[in-house]
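The structure under discussion appears below in the form of structure tokens.
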Amino acid sequence: MAVSEERSLKPLAIAVLTVSDTRTDETDKSGAALVRNLEEAGHTLAAKTIVGDDIYAIRAIVSNWIADAGVDAVITTGGTGLTGRDGTPEAVGVLLDKSIEGFGELFRTLSYEDIGTSSLQSRCLAGVANGTYVFCLPGSTNACETGWRKLIAAQLDYRTRPCNLAELMPRLRE
């Protein structure tokens, strides 16, 4: 994909949610990486918080953000694995109006290049809820960098050609 010089960036307001029972603002490297990357790309941080691995707490925060007209996209990090406490896909999946199946498929393909068959343990997902894009990434900083740099950044950049998710935003609530 190429960036078109004929178009200008349309900055989006993006909220970041870290799902973890142990991370704090000081130790949340994955959330910090996402914030740094989205701001370097020209977007704005709409909100950032950390929540424990609790399906209903995760769902409540994401629900509030997708109901907020001031939030264009939500990115979560953490809780996408297979342990008993990993529940981000269950928390978020039911909120989605439409799933973006290719996101998880492409993410795992890209991850396979770095971590081999361990990539099958990731249950990352993406979709649209109330006209808001939602991306759920694994909790590792490397996974967040991969997800942002190789998938999300280009798709949330209005200048990306031949097409991108950002240009679809005006039509998401049709």
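Residue numbering restarts at 1 in every chain; chains get A, B, ... in the order shown in the structure tokens, and ligands count up from 1 in that same order.
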Checklist entry - Which polymer residues have any atom within 6 Å of an atom of stretch 77-81 of chain A, counting only C-alpha atoms, with same-chain residues fewer than 4 positions away left out, as a ChimeraX atom specification? => result /A:18-19,86-88,121-124,137-139
Checklist entry - Looking only at the backbone, which of the residues in stretch 22-158 of chain A does DSSP tag as strand (DSSP E), as a list in words? => result Thr44, Leu45, Ala46, Ala47, Lys48, Thr49, Ile50, Val51, Ala73, Val74, Ile75, Thr76, Thr77, Lys98, Ser99, Leu125, Ala126, Gly127, Val128, Ala129, Thr132, Tyr133, Val134, Phe135, Cys136 and Leu137 of chain A
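Proximity of A:Ala41, A:Val128, A:Leu82, A:Ala60 to A:Tyr158, computed with only C-alpha atoms, is greatest for A:Ala41.
Going from atom CA of A:Val35 to atom CA of A:Asp72 covers 14.6 Å.
Minimum atom-to-atom distance to A:Pro170, evaluated using only C-alpha atoms, belongs to A:Thr132 out of A:Thr132, A:Ile50, A:Leu125, A:Thr27.
Take the candidates A:Ala91, A:Ile75, A:Ile100, A:Leu168 and check each one against A:Val134 using only C-alpha atoms; the shortest distance goes to A:Ile75.
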Next on the checklist: Excluding A:Leu151 and its own-chain neighbours fewer than 3 positions away, which residues fall within 10 Å of it when counting only C-alpha atoms? Please give them as a ChimeraX atom specification.
Outcome noted: /A:103,106-107,110,145-148,154-156
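One distance worth recording is that between atom CA of A:Ala15 and atom CA of A:Glu113, which is 28.3 Å.
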Item to check | Members of chain A assigned alpha helix (DSSP H) by DSSP, as a ChimeraX atom specification | outcome: /A:29-40,55-67,88-93,101-115,141-147,153-155
Checklist outcome for this item: With distances taken over only C-alpha atoms, the candidate from A:Asp97, A:Arg171, A:Arg108, A:Ile14 nearest A:Gly70 is A:Ile14
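The nearest approach to A:Arg149 among the residues A:Arg36, A:Arg23, A:Lys48, A:Arg173, with only C-alpha atoms taken into account, belongs to A:Arg36.
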Next on the checklist: List the spatial neighbours of A:Gly52 as a PyMOL selection string - criterion: any atom at most 6 Å away, only C-alpha atoms, same-chain residues fewer than 2 positions off excluded.
Outcome noted: chain A and resi 19-21+54
Written file, previous selection with N, CA, C and O atoms, as a PDB file, in the first residue's frame:
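Output below, filename out-v7.pdb:
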```pdb
ATOM      1  N   VAL A  19      -5.440  -4.307  29.359  1.00  0.00           N
ATOM      2  CA  VAL A  19      -6.120  -5.299  30.182  1.00  0.00           C
ATOM      3  C   VAL A  19      -5.050  -6.105  30.915  1.00  0.00           C
ATOM      4  O   VAL A  19      -4.273  -6.831  30.289  1.00  0.00           O
ATOM      5  N   SER A  20      -4.981  -5.923  32.230  1.00  0.00           N
ATOM      6  CA  SER A  20      -3.963  -6.610  33.017  1.00  0.00           C
ATOM      7  C   SER A  20      -4.288  -6.522  34.494  1.00  0.00           C
ATOM      8  O   SER A  20      -4.752  -5.489  34.975  1.00  0.00           O
ATOM      9  N   ASP A  21      -3.998  -7.589  35.216  1.00  0.00           N
ATOM     10  CA  ASP A  21      -4.143  -7.590  36.662  1.00  0.00           C
ATOM     11  C   ASP A  21      -2.900  -7.051  37.362  1.00  0.00           C
ATOM     12  O   ASP A  21      -2.927  -6.802  38.564  1.00  0.00           O
ATOM     13  N   ASP A  54     -11.215  -8.685  33.814  1.00  0.00           N
ATOM     14  CA  ASP A  54     -12.596  -8.951  34.200  1.00  0.00           C
ATOM     15  C   ASP A  54     -13.480  -8.613  33.005  1.00  0.00           C
ATOM     16  O   ASP A  54     -13.519  -7.463  32.557  1.00  0.00           O
TER      17      ASP A  54
END
```
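From atom CA of A:Ile152 back to atom CA of A:Ser8, the distance works out to 17.6 Å.
With distances taken over only C-alpha atoms, A:Ile66 is the one residue among A:Ala129, A:Ile66, A:Val94, A:Cys163 lying closest to A:Ala13.
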